$ cat data-v4.cif   # mmCIF, C-alpha atoms and all ligand atoms
data_my_file
loop_
_atom_site.label_atom_id
_atom_site.label_comp_id
_atom_site.auth_asym_id
_atom_site.auth_seq_id
_atom_site.Cartn_x
_atom_site.Cartn_y
_atom_site.Cartn_z
CA MET A 18 0.00 0.00 0.00
CA GLU A 19 1.16 3.51 -0.83
CA LYS A 20 -0.41 6.45 1.00
CA THR A 21 0.43 10.00 1.86
CA PRO A 22 -1.52 13.19 2.61
CA SER A 23 0.38 14.75 -0.31
CA TYR A 24 -1.87 13.00 -2.82
CA PHE A 25 -4.93 14.82 -1.47
CA VAL A 26 -3.32 18.26 -1.64
CA THR A 27 -1.22 18.06 -4.82
CA LYS A 28 -2.98 19.90 -7.64
CA GLU A 29 -2.00 17.46 -10.41
CA THR A 30 -2.92 14.22 -8.59
CA PRO A 31 -6.67 13.97 -9.40
CA HIS A 32 -5.99 14.46 -13.10
CA ARG A 33 -3.21 11.85 -13.07
CA ILE A 34 -5.32 9.29 -11.22
CA SER A 35 -8.36 9.87 -13.43
CA ALA A 36 -6.11 9.38 -16.48
CA MET A 37 -5.18 5.94 -15.07
CA SER A 38 -8.78 5.02 -14.30
CA GLN A 39 -11.91 7.07 -13.86
CA GLU A 40 -13.38 4.19 -11.82
CA THR A 41 -10.82 4.57 -9.02
CA LYS A 42 -12.28 4.59 -5.53
CA LEU A 43 -10.56 7.06 -3.27
CA ILE A 44 -10.20 6.92 0.50
CA VAL A 45 -9.16 9.97 2.50
CA VAL A 46 -8.55 9.95 6.25
CA VAL A 47 -9.39 13.37 7.70
CA ARG A 48 -8.98 14.59 11.26
CA ASP A 49 -9.44 17.91 13.04
CA PRO A 50 -7.13 20.19 11.00
CA VAL A 51 -5.78 21.88 14.14
CA THR A 52 -4.72 18.54 15.66
CA ARG A 53 -3.49 17.52 12.22
CA ALA A 54 -1.24 20.58 11.98
CA ILE A 55 0.21 19.92 15.45
CA SER A 56 0.74 16.26 14.57
CA ASP A 57 2.48 17.28 11.34
CA TYR A 58 4.73 19.71 13.24
CA THR A 59 5.51 17.08 15.89
CA GLN A 60 6.57 14.66 13.16
CA THR A 61 8.78 17.24 11.39
CA LEU A 62 10.32 18.33 14.70
CA SER A 63 11.34 14.74 15.44
CA LYS A 64 13.45 14.81 12.25
CA THR A 65 14.54 18.48 12.44
CA PRO A 66 15.07 19.43 16.10
CA ASP A 67 16.13 23.05 15.41
CA LEU A 68 12.83 23.91 13.73
CA PRO A 69 11.26 27.32 14.60
CA SER A 70 8.35 27.14 17.05
CA PHE A 71 4.92 25.99 15.88
CA GLN A 72 3.55 29.52 16.37
CA ASP A 73 6.35 31.07 14.33
CA LEU A 74 5.49 28.79 11.43
CA ALA A 75 1.70 28.83 11.76
CA PHE A 76 1.21 32.61 11.92
CA ARG A 77 2.38 35.41 9.71
CA ASN A 78 1.27 37.72 12.52
CA GLN A 79 -0.07 36.01 15.64
CA THR A 80 -1.16 39.27 17.33
CA LEU A 81 -3.42 40.00 14.37
CA GLY A 82 -4.37 36.30 14.05
CA ILE A 83 -3.02 36.08 10.48
CA VAL A 84 -2.39 32.43 9.68
CA ASP A 85 0.29 31.38 7.21
CA MET A 86 -1.75 29.36 4.74
CA SER A 87 1.33 28.54 2.70
CA TRP A 88 2.86 26.41 5.48
CA ASN A 89 2.11 22.82 4.49
CA ALA A 90 1.01 21.77 7.98
CA ILE A 91 -1.71 24.45 7.77
CA ARG A 92 -2.50 24.11 4.06
CA ILE A 93 -3.18 20.37 4.15
CA GLY A 94 -6.06 20.92 6.61
CA LEU A 95 -7.99 23.14 4.18
CA TYR A 96 -9.97 20.08 3.14
CA ALA A 97 -12.78 21.95 1.32
CA LEU A 98 -10.29 23.59 -1.05
CA HIS A 99 -8.53 20.32 -1.88
CA LEU A 100 -11.81 18.48 -2.33
CA GLU A 101 -13.00 21.11 -4.83
CA ASN A 102 -10.04 20.17 -7.01
CA TRP A 103 -10.83 16.43 -6.76
CA LEU A 104 -14.49 17.00 -7.63
CA ARG A 105 -13.43 18.36 -11.01
CA TYR A 106 -12.32 14.80 -11.85
CA PHE A 107 -14.26 12.40 -9.61
CA PRO A 108 -17.87 12.28 -8.36
CA LEU A 109 -18.29 12.47 -4.60
CA THR A 110 -19.71 8.93 -4.64
CA GLN A 111 -16.21 7.64 -5.52
CA ILE A 112 -14.57 9.35 -2.56
CA HIS A 113 -14.86 8.01 0.98
CA PHE A 114 -13.83 10.04 4.00
CA VAL A 115 -12.67 8.18 7.08
CA SER A 116 -12.87 10.04 10.37
CA GLY A 117 -9.37 9.99 11.86
CA GLU A 118 -10.90 10.43 15.32
CA ARG A 119 -13.30 7.51 14.96
CA LEU A 120 -10.56 5.37 13.43
CA ILE A 121 -9.01 5.52 16.91
CA THR A 122 -12.15 5.33 19.09
CA ASP A 123 -14.03 2.78 16.96
CA PRO A 124 -11.76 1.29 14.28
CA ALA A 125 -14.10 -1.61 13.49
CA GLU A 126 -17.02 0.73 12.72
CA GLU A 127 -14.86 2.97 10.50
CA LEU A 128 -13.53 -0.08 8.68
CA SER A 129 -17.05 -1.42 8.20
CA ARG A 130 -17.81 1.78 6.33
CA VAL A 131 -14.64 1.38 4.26
CA GLN A 132 -15.50 -2.23 3.40
CA ASP A 133 -19.05 -1.18 2.42
CA PHE A 134 -17.69 1.64 0.27
CA LEU A 135 -15.37 -0.80 -1.51
CA GLY A 136 -18.20 -3.31 -1.96
CA LEU A 137 -16.37 -5.89 0.13
CA LYS A 138 -17.77 -8.38 2.60
CA ARG A 139 -17.39 -7.12 6.17
CA ILE A 140 -14.45 -9.34 7.09
CA VAL A 141 -12.64 -6.93 9.41
CA THR A 142 -14.70 -6.52 12.58
CA ASP A 143 -14.24 -5.61 16.24
CA LYS A 144 -12.85 -9.14 16.78
CA HIS A 145 -9.69 -7.97 15.03
CA PHE A 146 -8.84 -5.10 17.41
CA TYR A 147 -7.97 -4.60 21.04
CA PHE A 148 -7.08 -1.41 22.87
CA ASN A 149 -3.42 -1.39 23.91
CA ARG A 150 -3.12 0.74 27.07
CA THR A 151 0.65 1.20 26.75
CA LYS A 152 0.38 2.44 23.17
CA GLY A 153 -2.85 4.29 23.91
CA PHE A 154 -4.29 3.19 20.57
CA PRO A 155 -6.15 0.25 19.08
CA CYS A 156 -3.91 -2.51 17.76
CA LEU A 157 -4.44 -5.61 15.66
CA LYS A 158 -5.03 -8.81 17.63
CA LYS A 159 -3.60 -11.09 15.01
CA PRO A 160 -2.24 -9.71 11.74
CA GLU A 161 -2.17 -12.06 8.74
CA SER A 162 1.64 -11.93 8.54
CA SER A 163 2.73 -12.89 12.06
CA GLY A 164 -0.12 -14.26 14.12
CA SER A 165 0.90 -12.16 17.13
CA PRO A 166 -0.60 -8.81 18.21
CA HIS A 167 0.65 -5.79 16.31
CA CYS A 168 0.53 -2.06 17.05
CA LEU A 169 1.66 0.68 14.69
CA GLY A 170 5.28 1.82 15.18
CA LYS A 171 6.75 4.57 17.36
CA SER A 172 6.29 7.23 14.66
CA LYS A 173 2.50 6.75 14.77
CA GLY A 174 0.64 8.09 17.77
CA ARG A 175 3.40 10.30 19.19
CA THR A 176 2.80 12.63 22.11
CA HIS A 177 2.13 16.01 20.52
CA VAL A 178 4.08 19.19 21.20
CA GLN A 179 2.16 21.39 23.69
CA ILE A 180 0.73 24.48 21.99
CA ASP A 181 -0.76 27.35 24.01
CA ARG A 182 -4.54 27.69 24.13
CA ASP A 183 -4.62 31.09 22.42
CA ALA A 184 -2.87 29.77 19.32
CA ILE A 185 -5.20 26.79 19.24
CA GLU A 186 -8.27 29.04 19.51
CA GLN A 187 -6.93 31.27 16.73
CA LEU A 188 -6.44 28.24 14.50
CA ARG A 189 -9.92 26.94 15.35
CA ASP A 190 -11.38 30.29 14.27
CA PHE A 191 -9.30 30.19 11.12
CA TYR A 192 -10.38 26.67 10.10
CA ARG A 193 -14.07 26.95 11.11
CA PRO A 194 -15.44 28.29 7.77
CA TYR A 195 -13.39 25.76 5.80
CA ASN A 196 -14.61 22.93 8.05
CA VAL A 197 -18.25 24.02 7.70
CA LYS A 198 -17.85 24.14 3.92
CA PHE A 199 -16.25 20.69 3.96
CA TYR A 200 -19.13 19.24 6.05
CA GLU A 201 -21.61 20.68 3.54
CA MET A 202 -19.71 19.30 0.57
CA VAL A 203 -19.49 15.75 1.94
CA GLY A 204 -22.84 15.77 3.79
CA HIS A 205 -21.28 14.81 7.10
CA ASP A 206 -20.46 16.82 10.22
CA PHE A 207 -17.12 15.66 11.62
CA LYS A 208 -17.66 17.84 14.72
CA TRP A 209 -14.21 19.39 14.89
CA GLU A 210 -14.52 22.09 17.51
N1 LIG B 301 -4.13 2.32 15.80
C1 LIG B 301 -3.39 3.41 15.73
N2 LIG B 301 -2.14 3.46 16.25
C2 LIG B 301 -1.41 4.59 16.14
N3 LIG B 301 -1.81 5.72 15.52
C3 LIG B 301 -3.06 5.70 15.00
C4 LIG B 301 -3.88 4.56 15.06
N4 LIG B 301 -5.05 4.84 14.42
C5 LIG B 301 -4.95 6.09 13.99
N5 LIG B 301 -3.76 6.62 14.34
C6 LIG B 301 -3.37 7.97 14.03
O1 LIG B 301 -2.62 7.94 12.82
C7 LIG B 301 -1.83 9.10 12.79
C8 LIG B 301 -0.73 8.94 11.78
O2 LIG B 301 -1.37 8.80 10.58
P1 LIG B 301 -0.64 8.56 9.24
O3 LIG B 301 0.41 7.55 9.38
O4 LIG B 301 -1.68 8.32 8.21
O5 LIG B 301 -0.02 9.94 8.99
S1 LIG B 301 0.95 10.32 7.86
O6 LIG B 301 0.73 9.46 6.69
O7 LIG B 301 2.29 10.14 8.44
O8 LIG B 301 0.64 11.69 7.63
C9 LIG B 301 -1.33 9.25 14.22
O9 LIG B 301 -1.17 10.61 14.43
P2 LIG B 301 -0.42 11.19 15.72
O10 LIG B 301 -1.24 10.76 16.91
O11 LIG B 301 -0.49 12.65 15.51
O12 LIG B 301 0.96 10.63 15.71
C10 LIG B 301 -2.49 8.66 15.06
O13 LIG B 301 -3.30 9.63 15.68
#

$ encode --input "data-v4.cif" --output "structure tokens"
Amino acid sequence: MEKTPSYFVTKETPHRISAMSQETKLIVVVRDPVTRAISDYTQTLSKTPDLPSFQDLAFRNQTLGIVDMSWNAIRIGLYALHLENWLRYFPLTQIHFVSGERLITDPAEELSRVQDFLGLKRIVTDKHFYFNRTKGFPCLKKPESSGSPHCLGKSKGRTHVQIDRDAIEQLRDFYRPYNVKFYEMVGHDFKWE
């Protein structure tokens, strides 16, 4: 499997994929864009420790609440804008949005929806998952490959960098209209507040 958020936000990707096959079914995992941005920053910081602070990157002017939309960690979360580009090439019925939050709290239910979307039998169910307290995330009871329980690696589910409440509120205000537009476009309220 090959997956990256870059596909969703790269302008040329929908055209390229539709040129391969217009029947392609597309799956996009979306989560609260504010948490997503912090997660993105946390991941980059782990590879580049002398990175400027999150606030320095996220705002062009924090006092005035001006967000830097060109910073990738911010730009990726503008889901409505990216979806508009995809809808020029694919009907909404061919795109399935997985809730990143529910993928953690109820992975079996989210995967039922994915299996239904793909027209597959519901083979993956809650029998396949358990909640690993040490990891703090659901893990597979018995993956096909090994037969022993398996959690995702250390780079998935990291403790996020602490960001002050004001910055978070400013980002929530910034994303709200884009989130509302996204909910309207997909006909589902992801309740990111
Ligand atoms: N079961 C399980 N275990 C661990 N992590 C889980 C799980 N399910 C979902 N997640 C969330 O997945 C986030 C990383 O997603 P991705 O690997 O798709 O991100 S990316 O491709 O690197 O952008 C990762 O983000 P962070 O928590 O910010 O690290 C997790 O929140």

$ residues_near_ligand --input "data-v4.cif" --ligand "ligand LIG 301 (chain B)" --cutoff "8 Å" --atoms "only C-alpha atoms and all ligand atoms" --output "number ranges by chain"
A: 20-22, 46, 52-53, 55-57, 59-60, 117-118, 120-121, 124, 152-157, 168-170, 172-177

$ residues_around --input "data-v4.cif" --residues "A:Arg193" --least-positions-apart "6" --cutoff "10 Å" --atoms "only C-alpha atoms" --output "VMD selection string"
chain A and resid 50 95 199 209 to 210

$ write_last_selection --input "data-v4.cif" --atoms "C-alpha atoms" --output "JSON list (two decimals), in the frame of the given file"
[["chain", "number", "residue", "atom", "x", "y", "z"],
["A", 50, "PRO", "CA", -7.13, 20.19, 11.00],
["A", 95, "LEU", "CA", -7.99, 23.14, 4.18],
["A", 199, "PHE", "CA", -16.25, 20.69, 3.96],
["A", 209, "TRP", "CA", -14.21, 19.39, 14.89],
["A", 210, "GLU", "CA", -14.52, 22.09, 17.51]]

$ closest_residue --input "data-v4.cif" --among "A:Pro69, A:Pro194, A:Pro166, A:Pro108" --to "A:Thr41" --atoms "only C-alpha atoms"
A:Pro108

$ residues_around --input "data-v4.cif" --residues "A:Ile93" --least-positions-apart "4" --cutoff "9 Å" --atoms "all atoms listed in the file" --output "MDAnalysis selection string"
chainID A and resid 22:23 25:26 50 53:54 88:89 99

$ residues_around --input "data-v4.cif" --residues "stretch 72-81 of chain A" --least-positions-apart "4" --cutoff "10 Å" --atoms "only C-alpha atoms" --output "PDB file with C-alpha atoms, keeping the file's coordinate frame"
ATOM      1  CA  ALA A  54      -1.240  20.580  11.980  1.00  0.00           C
ATOM      2  CA  ILE A  55       0.210  19.920  15.450  1.00  0.00           C
ATOM      3  CA  TYR A  58       4.730  19.710  13.240  1.00  0.00           C
ATOM      4  CA  LEU A  68      12.830  23.910  13.730  1.00  0.00           C
ATOM      5  CA  ASP A  85       0.290  31.380   7.210  1.00  0.00           C
ATOM      6  CA  MET A  86      -1.750  29.360   4.740  1.00  0.00           C
ATOM      7  CA  SER A  87       1.330  28.540   2.700  1.00  0.00           C
ATOM      8  CA  TRP A  88       2.860  26.410   5.480  1.00  0.00           C
ATOM      9  CA  ASN A  89       2.110  22.820   4.490  1.00  0.00           C
ATOM     10  CA  ALA A  90       1.010  21.770   7.980  1.00  0.00           C
ATOM     11  CA  ILE A  91      -1.710  24.450   7.770  1.00  0.00           C
ATOM     12  CA  ARG A  92      -2.500  24.110   4.060  1.00  0.00           C
ATOM     13  CA  ILE A 180       0.730  24.480  21.990  1.00  0.00           C
ATOM     14  CA  ASP A 181      -0.760  27.350  24.010  1.00  0.00           C
ATOM     15  CA  ASP A 183      -4.620  31.090  22.420  1.00  0.00           C
ATOM     16  CA  ALA A 184      -2.870  29.770  19.320  1.00  0.00           C
ATOM     17  CA  ILE A 185      -5.200  26.790  19.240  1.00  0.00           C
ATOM     18  CA  GLN A 187      -6.930  31.270  16.730  1.00  0.00           C
ATOM     19  CA  LEU A 188      -6.440  28.240  14.500  1.00  0.00           C
TER      20      LEU A 188
END

$ atom_distance --input "data-v4.cif" --atom1 "atom CA of A:Ile112" --atom2 "atom CA of A:Ile44"
5.9 Å

$ atom_distance --input "data-v4.cif" --atom1 "atom CA of A:Tyr147" --atom2 "atom CA of A:Lys42"
28.4 Å

$ closest_residue --input "data-v4.cif" --among "A:Leu43, A:Leu137, A:Ile83, A:Val178" --to "A:Asp190" --atoms "only C-alpha atoms"
A:Ile83

$ residues_around --input "data-v4.cif" --residues "A:Tyr195" --least-positions-apart "4" --cutoff "9 Å" --atoms "all atoms listed in the file" --output "PyMOL selection string"
chain A and resi 94-98+191+199-200

$ closest_residue --input "data-v4.cif" --among "A:Trp103, A:Tyr192, A:Phe207, A:Tyr24" --to "A:Ser116" --atoms "all atoms listed in the file"
A:Phe207
